Amino acid sequence: MYQTFRQDGSDRQIRVQGSGSVKVKPDTAVVQLGVVTEGADLTTVQDENAAVTSMVKNQLMAAGVEETDIQTSDYSVFPQYDYVDGKQVFRGYQVSHMLTVTVNDIEQTGAVIDAAVQSGANRVTNIEFTVSQSYYYYQKALQIALGQALATAQTIANTMNVRLEQKPVRVVEEKSPDVSPLQPYAKTQMLSESAVPIEPGMMEITARVDVWFPFYP
């Protein structure tokens, strides 16, 4: 999208928009997983959850995940109720301890999830793939976006039979890069067996700019 406008007789500018994208294979996975336990006695349920969570953490580290890459993202306790003859009857408690696990060797994502599940993790809520050097690839996308903007402005100037000044007077860049998977990975909920192989696919890093170029008759 673009528009051409004139502020006064001596100040003529062409405004254009440019976008550029770079496709890159992700190299990092961030997995949300955890342990959910239930029972009638809160202390017993919490102790069981803590013991299983500890085993999960130990197994994750044995699988190659650094301790600093395992963080608690949520810990919750919920009372559970049944409804009998229209009345609320207390059934027990549910304790949930969710972890955020960063897998720096993306090829090991499936093995890491398998290790967590085999040691007691029974919930995986999200798997997100990222690029550790996203800023580097964003710079490449930004170069493409600026080149596209210049090419568009030059085409407009040639069509209008005017001379384009290729040094812009103003550039407005989107505040943050748009990083998105080309094929989003579906979320899962409860796990009762080993995780399936993980396919990260490709990611697309996009940059967008608004650019103003002066032109002359």
# chains A, B, ... in the order shown; residues from 1 in each chain; ligands from 1

$ closest_atom_pairs --of "region 6-103 of chain A" --to "region 125-130 of chain A" --cutoff "9 Å" --atoms "only C-alpha atoms" --output "tab-separated table"
residue	atom	partner	partner_atom	distance
A:Lys25	CA	A:Thr130	CA	8.8
A:Pro26	CA	A:Thr130	CA	5.3
A:Asp27	CA	A:Thr130	CA	6.5
A:Thr28	CA	A:Thr130	CA	5.2
A:Ala29	CA	A:Phe129	CA	4.5
A:Val30	CA	A:Glu128	CA	5.1
A:Val31	CA	A:Ile127	CA	4.6
A:Gln32	CA	A:Asn126	CA	5.1
A:Leu33	CA	A:Thr125	CA	6.1
A:Gly34	CA	A:Thr125	CA	8.5

$ write_last_selection --atoms "all heavy atoms" --output "mmCIF file, in the first residue's frame"
data_model
loop_
_atom_site.group_PDB
_atom_site.id
_atom_site.type_symbol
_atom_site.label_atom_id
_atom_site.label_comp_id
_atom_site.auth_asym_id
_atom_site.auth_seq_id
_atom_site.Cartn_x
_atom_site.Cartn_y
_atom_site.Cartn_z
ATOM 1 N N LYS A 25 14.765 -21.997 10.202
ATOM 2 C CA LYS A 25 14.426 -23.147 11.027
ATOM 3 C C LYS A 25 14.640 -22.799 12.496
ATOM 4 O O LYS A 25 15.715 -22.331 12.876
ATOM 5 C CB LYS A 25 15.289 -24.353 10.651
ATOM 6 C CG LYS A 25 14.890 -25.628 11.373
ATOM 7 C CD LYS A 25 15.707 -26.812 10.890
ATOM 8 C CE LYS A 25 15.290 -28.093 11.603
ATOM 9 N NZ LYS A 25 16.051 -29.275 11.136
ATOM 10 N N PRO A 26 13.644 -22.995 13.350
ATOM 11 C CA PRO A 26 13.819 -22.687 14.773
ATOM 12 C C PRO A 26 14.884 -23.562 15.407
ATOM 13 O O PRO A 26 15.104 -24.698 14.978
ATOM 14 C CB PRO A 26 12.420 -22.962 15.372
ATOM 15 C CG PRO A 26 11.757 -23.874 14.396
ATOM 16 C CD PRO A 26 12.301 -23.525 13.048
ATOM 17 N N ASP A 27 15.544 -23.022 16.434
ATOM 18 C CA ASP A 27 16.604 -23.780 17.096
ATOM 19 C C ASP A 27 16.349 -23.966 18.588
ATOM 20 O O ASP A 27 17.168 -24.568 19.291
ATOM 21 C CB ASP A 27 17.967 -23.112 16.876
ATOM 22 C CG ASP A 27 17.983 -21.662 17.351
ATOM 23 O OD1 ASP A 27 17.066 -21.253 18.097
ATOM 24 O OD2 ASP A 27 18.920 -20.932 16.968
ATOM 25 N N THR A 28 15.241 -23.440 19.085
ATOM 26 C CA THR A 28 14.924 -23.537 20.507
ATOM 27 C C THR A 28 13.449 -23.878 20.678
ATOM 28 O O THR A 28 12.610 -23.384 19.926
ATOM 29 C CB THR A 28 15.229 -22.216 21.230
ATOM 30 O OG1 THR A 28 16.588 -21.855 21.007
ATOM 31 C CG2 THR A 28 14.982 -22.325 22.730
ATOM 32 N N ALA A 29 13.154 -24.722 21.654
ATOM 33 C CA ALA A 29 11.773 -25.060 21.973
ATOM 34 C C ALA A 29 11.491 -24.684 23.427
ATOM 35 O O ALA A 29 12.334 -24.898 24.306
ATOM 36 C CB ALA A 29 11.490 -26.540 21.753
ATOM 37 N N VAL A 30 10.324 -24.114 23.666
ATOM 38 C CA VAL A 30 9.885 -23.799 25.026
ATOM 39 C C VAL A 30 8.630 -24.625 25.288
ATOM 40 O O VAL A 30 7.613 -24.452 24.619
ATOM 41 C CB VAL A 30 9.596 -22.296 25.201
ATOM 42 C CG1 VAL A 30 9.131 -22.006 26.625
ATOM 43 C CG2 VAL A 30 10.837 -21.473 24.869
ATOM 44 N N VAL A 31 8.721 -25.517 26.254
ATOM 45 C CA VAL A 31 7.649 -26.475 26.527
ATOM 46 C C VAL A 31 7.013 -26.161 27.872
ATOM 47 O O VAL A 31 7.718 -25.965 28.875
ATOM 48 C CB VAL A 31 8.189 -27.916 26.538
ATOM 49 C CG1 VAL A 31 7.053 -28.911 26.728
ATOM 50 C CG2 VAL A 31 8.958 -28.215 25.251
ATOM 51 N N GLN A 32 5.689 -26.105 27.891
ATOM 52 C CA GLN A 32 4.948 -25.968 29.141
ATOM 53 C C GLN A 32 4.430 -27.347 29.528
ATOM 54 O O GLN A 32 3.607 -27.923 28.820
ATOM 55 C CB GLN A 32 3.776 -24.999 28.954
ATOM 56 C CG GLN A 32 4.157 -23.604 28.488
ATOM 57 C CD GLN A 32 4.792 -22.773 29.574
ATOM 58 O OE1 GLN A 32 4.599 -23.039 30.762
ATOM 59 N NE2 GLN A 32 5.549 -21.762 29.183
ATOM 60 N N LEU A 33 4.912 -27.870 30.639
ATOM 61 C CA LEU A 33 4.473 -29.192 31.092
ATOM 62 C C LEU A 33 4.412 -29.202 32.608
ATOM 63 O O LEU A 33 4.916 -28.299 33.282
ATOM 64 C CB LEU A 33 5.409 -30.289 30.564
ATOM 65 C CG LEU A 33 6.901 -30.203 30.893
ATOM 66 C CD1 LEU A 33 7.206 -30.762 32.292
ATOM 67 C CD2 LEU A 33 7.711 -30.946 29.855
ATOM 68 N N GLY A 34 3.762 -30.231 33.160
ATOM 69 C CA GLY A 34 3.662 -30.250 34.606
ATOM 70 C C GLY A 34 3.036 -31.508 35.161
ATOM 71 O O GLY A 34 2.782 -32.486 34.441
#

$ residues_around --residues "region 93-99 of chain A" --least-positions-apart "6" --cutoff "6 Å" --atoms "only C-alpha atoms" --output "list of chain:residue names"
A:Gln32, A:Leu33, A:Gly34, A:Val35, A:Val36, A:Thr37, A:Glu38, A:Gly39, A:Ala40, A:Gln71, A:Thr72, A:Ser73, A:Asp74, A:Tyr75, A:Ser76, A:Val77, A:Phe78, A:Pro79, A:Gln80

$ residues_around --residues "Gly18 (chain A)" --least-positions-apart "4" --cutoff "12 Å" --atoms "only C-alpha atoms" --output "PyMOL selection string"
chain A and resi 1-2+141-153+171-174+206-212

$ closest_residue --among "A:Thr102, A:Thr53, A:Ile205, A:Asp11" --to "Arg123 (chain A)" --atoms "only C-alpha atoms"
A:Thr53

$ select_by_dssp --residues "region 3-212 of chain A" --states "strand (DSSP E or B)" --output "PyMOL selection string"
chain A and resi 3-6+12-24+28-39+70-84+87-103+123-130+163-164+170-173+178-181+190+203-212

$ atom_distance --atom1 "CA of Pro168 (chain A)" --atom2 "CA of Val16 (chain A)"
10.5 Å

$ atom_distance --atom1 "CA of Ile198 (chain A)" --atom2 "CA of Tyr136 (chain A)"
25.4 Å

$ residues_around --residues "region 112-120 of chain A" --least-positions-apart "2" --cutoff "10 Å" --atoms "only C-alpha atoms" --output "short mmCIF file (atom, residue, chain, number, x, y, z; two decimals) with all heavy atoms, in the first residue's frame"
data_model
loop_
_atom_site.label_atom_id
_atom_site.label_comp_id
_atom_site.auth_asym_id
_atom_site.auth_seq_id
_atom_site.Cartn_x
_atom_site.Cartn_y
_atom_site.Cartn_z
N VAL A 31 8.72 -25.52 26.25
CA VAL A 31 7.65 -26.48 26.53
C VAL A 31 7.01 -26.16 27.87
O VAL A 31 7.72 -25.97 28.88
CB VAL A 31 8.19 -27.92 26.54
CG1 VAL A 31 7.05 -28.91 26.73
CG2 VAL A 31 8.96 -28.22 25.25
N GLN A 32 5.69 -26.11 27.89
CA GLN A 32 4.95 -25.97 29.14
C GLN A 32 4.43 -27.35 29.53
O GLN A 32 3.61 -27.92 28.82
CB GLN A 32 3.78 -25.00 28.95
CG GLN A 32 4.16 -23.60 28.49
CD GLN A 32 4.79 -22.77 29.57
OE1 GLN A 32 4.60 -23.04 30.76
NE2 GLN A 32 5.55 -21.76 29.18
N LEU A 33 4.91 -27.87 30.64
CA LEU A 33 4.47 -29.19 31.09
C LEU A 33 4.41 -29.20 32.61
O LEU A 33 4.92 -28.30 33.28
CB LEU A 33 5.41 -30.29 30.56
CG LEU A 33 6.90 -30.20 30.89
CD1 LEU A 33 7.21 -30.76 32.29
CD2 LEU A 33 7.71 -30.95 29.86
N GLY A 34 3.76 -30.23 33.16
CA GLY A 34 3.66 -30.25 34.61
C GLY A 34 3.04 -31.51 35.16
O GLY A 34 2.78 -32.49 34.44
N VAL A 35 2.80 -31.44 36.46
CA VAL A 35 2.27 -32.58 37.21
C VAL A 35 0.97 -32.16 37.88
O VAL A 35 0.91 -31.13 38.56
CB VAL A 35 3.28 -33.05 38.27
CG1 VAL A 35 2.69 -34.19 39.10
CG2 VAL A 35 4.59 -33.46 37.62
N VAL A 36 -0.07 -32.95 37.69
CA VAL A 36 -1.37 -32.72 38.32
C VAL A 36 -1.69 -33.94 39.18
O VAL A 36 -1.68 -35.07 38.70
CB VAL A 36 -2.47 -32.51 37.27
CG1 VAL A 36 -3.83 -32.31 37.95
CG2 VAL A 36 -2.15 -31.30 36.39
N ASN A 49 2.58 -34.41 44.82
CA ASN A 49 2.90 -33.55 43.68
C ASN A 49 4.35 -33.10 43.73
O ASN A 49 5.06 -33.11 42.71
CB ASN A 49 1.96 -32.34 43.66
CG ASN A 49 2.07 -31.55 42.38
OD1 ASN A 49 3.03 -30.81 42.20
ND2 ASN A 49 1.10 -31.69 41.50
N ALA A 51 6.88 -34.59 45.18
CA ALA A 51 7.79 -35.71 44.93
C ALA A 51 7.87 -36.01 43.44
O ALA A 51 8.97 -36.22 42.90
CB ALA A 51 7.32 -36.94 45.71
N VAL A 52 6.72 -36.04 42.76
CA VAL A 52 6.72 -36.34 41.33
C VAL A 52 7.39 -35.22 40.55
O VAL A 52 8.17 -35.46 39.62
CB VAL A 52 5.28 -36.57 40.82
CG1 VAL A 52 5.29 -36.79 39.31
CG2 VAL A 52 4.65 -37.76 41.53
N THR A 53 7.10 -33.96 40.92
CA THR A 53 7.72 -32.83 40.23
C THR A 53 9.23 -32.87 40.37
O THR A 53 9.97 -32.57 39.42
CB THR A 53 7.17 -31.50 40.79
OG1 THR A 53 5.75 -31.44 40.61
CG2 THR A 53 7.82 -30.31 40.10
N SER A 54 9.71 -33.25 41.55
CA SER A 54 11.15 -33.37 41.76
C SER A 54 11.74 -34.43 40.84
O SER A 54 12.82 -34.24 40.25
CB SER A 54 11.44 -33.70 43.22
OG SER A 54 12.82 -33.84 43.44
N MET A 55 11.06 -35.55 40.69
CA MET A 55 11.54 -36.60 39.78
C MET A 55 11.55 -36.11 38.34
O MET A 55 12.48 -36.42 37.58
CB MET A 55 10.65 -37.84 39.92
CG MET A 55 10.85 -38.60 41.23
SD MET A 55 10.03 -40.22 41.23
CE MET A 55 8.31 -39.73 41.16
N VAL A 56 10.52 -35.35 37.96
CA VAL A 56 10.46 -34.80 36.61
C VAL A 56 11.65 -33.88 36.36
O VAL A 56 12.33 -33.98 35.32
CB VAL A 56 9.13 -34.06 36.38
CG1 VAL A 56 9.17 -33.29 35.05
CG2 VAL A 56 7.97 -35.04 36.38
N LYS A 57 11.94 -32.99 37.30
CA LYS A 57 13.06 -32.07 37.14
C LYS A 57 14.37 -32.83 37.01
O LYS A 57 15.21 -32.51 36.15
CB LYS A 57 13.12 -31.11 38.33
CG LYS A 57 11.99 -30.09 38.38
CD LYS A 57 12.15 -29.18 39.59
CE LYS A 57 11.06 -28.13 39.64
NZ LYS A 57 11.18 -27.25 40.84
N ASN A 58 14.57 -33.83 37.86
CA ASN A 58 15.81 -34.61 37.80
C ASN A 58 15.95 -35.33 36.47
O ASN A 58 17.06 -35.40 35.90
CB ASN A 58 15.84 -35.62 38.95
CG ASN A 58 16.03 -34.95 40.31
OD1 ASN A 58 16.56 -33.84 40.39
ND2 ASN A 58 15.58 -35.62 41.37
N GLN A 59 14.86 -35.86 35.97
CA GLN A 59 14.91 -36.57 34.70
C GLN A 59 15.15 -35.61 33.54
O GLN A 59 15.84 -35.95 32.57
CB GLN A 59 13.61 -37.34 34.48
CG GLN A 59 13.67 -38.39 33.39
CD GLN A 59 14.67 -39.49 33.70
OE1 GLN A 59 14.89 -39.82 34.87
NE2 GLN A 59 15.29 -40.05 32.68
N LEU A 60 14.59 -34.41 33.63
CA LEU A 60 14.84 -33.40 32.59
C LEU A 60 16.31 -33.04 32.54
O LEU A 60 16.91 -32.92 31.46
CB LEU A 60 13.99 -32.15 32.87
CG LEU A 60 12.50 -32.26 32.59
CD1 LEU A 60 11.77 -31.02 33.10
CD2 LEU A 60 12.21 -32.46 31.11
N MET A 61 16.93 -32.86 33.71
CA MET A 61 18.35 -32.53 33.74
C MET A 61 19.20 -33.69 33.24
O MET A 61 20.21 -33.49 32.56
CB MET A 61 18.76 -32.11 35.15
CG MET A 61 18.22 -30.73 35.54
SD MET A 61 18.82 -30.14 37.15
CE MET A 61 17.88 -31.20 38.27
N ALA A 62 18.76 -34.92 33.54
CA ALA A 62 19.47 -36.09 33.03
C ALA A 62 19.38 -36.17 31.51
O ALA A 62 20.26 -36.72 30.86
CB ALA A 62 18.91 -37.36 33.67
N ALA A 63 18.30 -35.60 30.96
CA ALA A 63 18.11 -35.61 29.51
C ALA A 63 18.85 -34.46 28.83
O ALA A 63 18.76 -34.31 27.61
CB ALA A 63 16.62 -35.53 29.18
N GLY A 64 19.56 -33.65 29.62
CA GLY A 64 20.38 -32.59 29.03
C GLY A 64 19.87 -31.18 29.20
O GLY A 64 20.50 -30.24 28.72
N VAL A 65 18.76 -30.98 29.91
CA VAL A 65 18.24 -29.64 30.14
C VAL A 65 18.95 -29.02 31.34
O VAL A 65 19.06 -29.66 32.40
CB VAL A 65 16.71 -29.68 30.39
CG1 VAL A 65 16.18 -28.27 30.65
CG2 VAL A 65 16.00 -30.32 29.21
N VAL A 101 9.98 -25.23 30.36
CA VAL A 101 11.25 -25.90 30.07
C VAL A 101 11.78 -25.40 28.73
O VAL A 101 11.12 -25.53 27.70
CB VAL A 101 11.07 -27.43 30.03
CG1 VAL A 101 12.41 -28.12 29.76
CG2 VAL A 101 10.45 -27.93 31.34
N VAL A 103 14.35 -25.89 25.80
CA VAL A 103 15.19 -26.93 25.19
C VAL A 103 16.05 -26.25 24.13
O VAL A 103 15.56 -25.87 23.06
CB VAL A 103 14.34 -28.05 24.57
CG1 VAL A 103 15.23 -29.16 24.03
CG2 VAL A 103 13.35 -28.60 25.59
N ASP A 105 18.64 -27.55 22.49
CA ASP A 105 18.92 -28.48 21.39
C ASP A 105 17.56 -28.96 20.88
O ASP A 105 16.99 -29.92 21.40
CB ASP A 105 19.77 -29.65 21.86
CG ASP A 105 20.14 -30.59 20.73
OD1 ASP A 105 19.67 -30.37 19.59
OD2 ASP A 105 20.89 -31.55 20.97
N ILE A 106 17.05 -28.28 19.86
CA ILE A 106 15.68 -28.53 19.44
C ILE A 106 15.46 -29.96 18.97
O ILE A 106 14.34 -30.49 19.05
CB ILE A 106 15.27 -27.53 18.33
CG1 ILE A 106 13.74 -27.44 18.22
CG2 ILE A 106 15.92 -27.86 17.00
CD1 ILE A 106 13.27 -26.28 17.39
N GLU A 107 16.51 -30.62 18.51
CA GLU A 107 16.37 -32.00 18.06
C GLU A 107 16.03 -32.94 19.21
O GLU A 107 15.56 -34.06 18.99
CB GLU A 107 17.67 -32.47 17.37
CG GLU A 107 18.06 -31.65 16.15
CD GLU A 107 17.04 -31.75 15.03
OE1 GLU A 107 16.35 -32.79 14.95
OE2 GLU A 107 16.93 -30.79 14.25
N GLN A 108 16.25 -32.49 20.43
CA GLN A 108 16.00 -33.31 21.61
C GLN A 108 14.63 -33.03 22.24
O GLN A 108 14.33 -33.57 23.32
CB GLN A 108 17.10 -33.08 22.65
CG GLN A 108 18.48 -33.54 22.21
CD GLN A 108 18.50 -35.04 21.90
OE1 GLN A 108 18.02 -35.84 22.70
NE2 GLN A 108 19.05 -35.40 20.75
N THR A 109 13.81 -32.21 21.60
CA THR A 109 12.53 -31.83 22.19
C THR A 109 11.66 -33.04 22.50
O THR A 109 11.11 -33.18 23.60
CB THR A 109 11.77 -30.86 21.27
OG1 THR A 109 12.59 -29.73 20.99
CG2 THR A 109 10.47 -30.39 21.92
N GLY A 110 11.52 -33.94 21.53
CA GLY A 110 10.70 -35.12 21.74
C GLY A 110 11.24 -35.99 22.86
O GLY A 110 10.48 -36.49 23.71
N ASN A 122 2.15 -35.38 33.63
CA ASN A 122 0.93 -35.85 32.98
C ASN A 122 0.15 -34.74 32.29
O ASN A 122 -1.02 -34.89 31.95
CB ASN A 122 0.02 -36.56 33.99
CG ASN A 122 -0.34 -35.69 35.19
OD1 ASN A 122 0.06 -34.53 35.26
ND2 ASN A 122 -1.06 -36.26 36.13
N ARG A 123 0.82 -33.60 32.10
CA ARG A 123 0.15 -32.54 31.34
C ARG A 123 1.18 -31.75 30.54
O ARG A 123 2.22 -31.34 31.07
CB ARG A 123 -0.62 -31.61 32.27
CG ARG A 123 -1.32 -30.47 31.54
CD ARG A 123 -2.36 -29.79 32.40
NE ARG A 123 -3.48 -30.69 32.68
CZ ARG A 123 -4.53 -30.33 33.42
NH1 ARG A 123 -4.59 -29.12 33.95
NH2 ARG A 123 -5.52 -31.19 33.62
N VAL A 124 0.88 -31.55 29.26
CA VAL A 124 1.65 -30.65 28.40
C VAL A 124 0.65 -29.68 27.80
O VAL A 124 -0.29 -30.10 27.13
CB VAL A 124 2.39 -31.41 27.28
CG1 VAL A 124 3.04 -30.42 26.31
CG2 VAL A 124 3.45 -32.34 27.87
N LEU A 191 -1.41 -36.24 28.98
CA LEU A 191 -0.59 -37.25 28.35
C LEU A 191 -0.58 -38.51 29.21
O LEU A 191 -0.41 -38.44 30.42
CB LEU A 191 0.86 -36.76 28.17
CG LEU A 191 1.08 -35.64 27.15
CD1 LEU A 191 2.57 -35.34 27.08
CD2 LEU A 191 0.57 -36.03 25.79
N SER A 192 -0.76 -39.65 28.59
CA SER A 192 -0.72 -40.90 29.33
C SER A 192 0.33 -41.84 28.78
O SER A 192 0.52 -42.93 29.29
CB SER A 192 -2.09 -41.59 29.26
OG SER A 192 -2.46 -41.83 27.92
N GLU A 193 1.01 -41.42 27.71
CA GLU A 193 2.06 -42.26 27.13
C GLU A 193 3.12 -41.37 26.53
O GLU A 193 3.03 -40.15 26.54
CB GLU A 193 1.47 -43.18 26.07
CG GLU A 193 0.76 -42.43 24.95
CD GLU A 193 0.08 -43.36 23.97
OE1 GLU A 193 -0.26 -44.48 24.35
OE2 GLU A 193 -0.10 -42.94 22.82
N SER A 194 4.17 -41.97 26.00
CA SER A 194 5.30 -41.20 25.46
C SER A 194 4.85 -40.24 24.39
O SER A 194 3.94 -40.52 23.61
CB SER A 194 6.36 -42.15 24.91
OG SER A 194 6.89 -42.95 25.93
N ALA A 195 5.52 -39.09 24.34
CA ALA A 195 5.17 -38.07 23.36
C ALA A 195 5.57 -38.52 21.96
O ALA A 195 6.53 -39.26 21.78
CB ALA A 195 5.87 -36.77 23.70
N VAL A 196 4.84 -38.06 20.98
CA VAL A 196 5.14 -38.38 19.59
C VAL A 196 6.32 -37.53 19.13
O VAL A 196 6.66 -36.53 19.76
CB VAL A 196 3.91 -38.11 18.69
CG1 VAL A 196 2.77 -39.00 19.09
CG2 VAL A 196 3.50 -36.65 18.78
N PRO A 197 6.99 -37.90 18.03
CA PRO A 197 8.09 -37.08 17.51
C PRO A 197 7.63 -35.66 17.22
O PRO A 197 6.52 -35.43 16.74
CB PRO A 197 8.48 -37.82 16.23
CG PRO A 197 8.04 -39.23 16.45
CD PRO A 197 6.78 -39.14 17.26
N ILE A 198 8.49 -34.70 17.55
CA ILE A 198 8.17 -33.28 17.39
C ILE A 198 8.78 -32.75 16.10
O ILE A 198 9.97 -32.95 15.83
CB ILE A 198 8.69 -32.47 18.58
CG1 ILE A 198 8.13 -33.03 19.89
CG2 ILE A 198 8.33 -31.00 18.43
CD1 ILE A 198 6.62 -33.00 19.98
#

$ atom_distance --atom1 "CA of Gly201 (chain A)" --atom2 "CA of Ile70 (chain A)"
23.9 Å

$ closest_residue --among "A:Gln88, A:Arg163, A:Asp69, A:Tyr83" --to "Thr100 (chain A)" --atoms "only C-alpha atoms"
A:Asp69

$ select_by_dssp --residues "region 20-206 of chain A" --states "alpha helix (DSSP H)" --output "VMD selection string"
chain A and resid 42 to 62 109 to 118 134 to 160

$ write_last_selection --atoms "C-alpha atoms" --output "PDB file, in the first residue's frame"
ATOM      1  CA  LEU A  42      -4.460 -31.611  50.816  1.00  0.00           C
ATOM      2  CA  THR A  43      -1.142 -32.283  52.557  1.00  0.00           C
ATOM      3  CA  THR A  44      -0.887 -35.743  51.007  1.00  0.00           C
ATOM      4  CA  VAL A  45      -1.740 -34.436  47.547  1.00  0.00           C
ATOM      5  CA  GLN A  46       0.818 -31.612  47.835  1.00  0.00           C
ATOM      6  CA  ASP A  47       3.531 -33.988  49.047  1.00  0.00           C
ATOM      7  CA  GLU A  48       2.803 -36.383  46.187  1.00  0.00           C
ATOM      8  CA  ASN A  49       2.902 -33.550  43.678  1.00  0.00           C
ATOM      9  CA  ALA A  50       6.190 -32.240  45.075  1.00  0.00           C
ATOM     10  CA  ALA A  51       7.789 -35.706  44.930  1.00  0.00           C
ATOM     11  CA  VAL A  52       6.716 -36.338  41.335  1.00  0.00           C
ATOM     12  CA  THR A  53       7.718 -32.826  40.235  1.00  0.00           C
ATOM     13  CA  SER A  54      11.153 -33.365  41.756  1.00  0.00           C
ATOM     14  CA  MET A  55      11.538 -36.601  39.785  1.00  0.00           C
ATOM     15  CA  VAL A  56      10.461 -34.804  36.606  1.00  0.00           C
ATOM     16  CA  LYS A  57      13.057 -32.068  37.140  1.00  0.00           C
ATOM     17  CA  ASN A  58      15.808 -34.608  37.804  1.00  0.00           C
ATOM     18  CA  GLN A  59      14.909 -36.573  34.697  1.00  0.00           C
ATOM     19  CA  LEU A  60      14.836 -33.402  32.589  1.00  0.00           C
ATOM     20  CA  MET A  61      18.354 -32.526  33.738  1.00  0.00           C
ATOM     21  CA  ALA A  62      19.472 -36.086  33.033  1.00  0.00           C
ATOM     22  CA  THR A 109      12.527 -31.825  22.191  1.00  0.00           C
ATOM     23  CA  GLY A 110      10.702 -35.124  21.743  1.00  0.00           C
ATOM     24  CA  ALA A 111      13.180 -36.976  23.956  1.00  0.00           C
ATOM     25  CA  VAL A 112      12.876 -34.328  26.666  1.00  0.00           C
ATOM     26  CA  ILE A 113       9.080 -34.586  26.672  1.00  0.00           C
ATOM     27  CA  ASP A 114       9.325 -38.380  26.733  1.00  0.00           C
ATOM     28  CA  ALA A 115      11.636 -38.174  29.757  1.00  0.00           C
ATOM     29  CA  ALA A 116       9.243 -35.864  31.584  1.00  0.00           C
ATOM     30  CA  VAL A 117       6.226 -38.066  30.878  1.00  0.00           C
ATOM     31  CA  GLN A 118       8.016 -41.262  31.880  1.00  0.00           C
ATOM     32  CA  SER A 134      15.934 -13.703  15.900  1.00  0.00           C
ATOM     33  CA  TYR A 135      17.373 -10.159  15.896  1.00  0.00           C
ATOM     34  CA  TYR A 136      20.000 -11.165  13.309  1.00  0.00           C
ATOM     35  CA  TYR A 137      17.350 -12.552  10.963  1.00  0.00           C
ATOM     36  CA  TYR A 138      15.127  -9.553  11.616  1.00  0.00           C
ATOM     37  CA  GLN A 139      17.883  -7.269  10.326  1.00  0.00           C
ATOM     38  CA  LYS A 140      17.882  -9.236   7.078  1.00  0.00           C
ATOM     39  CA  ALA A 141      14.096  -8.939   6.842  1.00  0.00           C
ATOM     40  CA  LEU A 142      14.396  -5.203   7.519  1.00  0.00           C
ATOM     41  CA  GLN A 143      16.870  -4.815   4.659  1.00  0.00           C
ATOM     42  CA  ILE A 144      14.403  -6.539   2.333  1.00  0.00           C
ATOM     43  CA  ALA A 145      11.569  -4.294   3.538  1.00  0.00           C
ATOM     44  CA  LEU A 146      13.579  -1.122   2.928  1.00  0.00           C
ATOM     45  CA  GLY A 147      14.658  -2.359  -0.495  1.00  0.00           C
ATOM     46  CA  GLN A 148      11.055  -3.086  -1.398  1.00  0.00           C
ATOM     47  CA  ALA A 149      10.001   0.387  -0.262  1.00  0.00           C
ATOM     48  CA  LEU A 150      12.702   2.026  -2.384  1.00  0.00           C
ATOM     49  CA  ALA A 151      11.794  -0.080  -5.429  1.00  0.00           C
ATOM     50  CA  THR A 152       8.135   0.829  -5.082  1.00  0.00           C
ATOM     51  CA  ALA A 153       8.920   4.526  -4.703  1.00  0.00           C
ATOM     52  CA  GLN A 154      11.189   4.410  -7.762  1.00  0.00           C
ATOM     53  CA  THR A 155       8.463   2.752  -9.826  1.00  0.00           C
ATOM     54  CA  ILE A 156       6.013   5.479  -8.821  1.00  0.00           C
ATOM     55  CA  ALA A 157       8.521   8.215  -9.633  1.00  0.00           C
ATOM     56  CA  ASN A 158       9.305   6.691 -13.036  1.00  0.00           C
ATOM     57  CA  THR A 159       5.619   6.417 -13.832  1.00  0.00           C
ATOM     58  CA  MET A 160       5.053  10.041 -12.785  1.00  0.00           C
TER      59      MET A 160
END

$ closest_residue --among "A:Gln13, A:Ser19, A:Asn104, A:Thr68" --to "Tyr216 (chain A)" --atoms "only C-alpha atoms"
A:Gln13

$ closest_residue --among "A:Val24, A:Gln17, A:Pro217, A:Gln133" --to "Leu164 (chain A)" --atoms "only C-alpha atoms"
A:Pro217
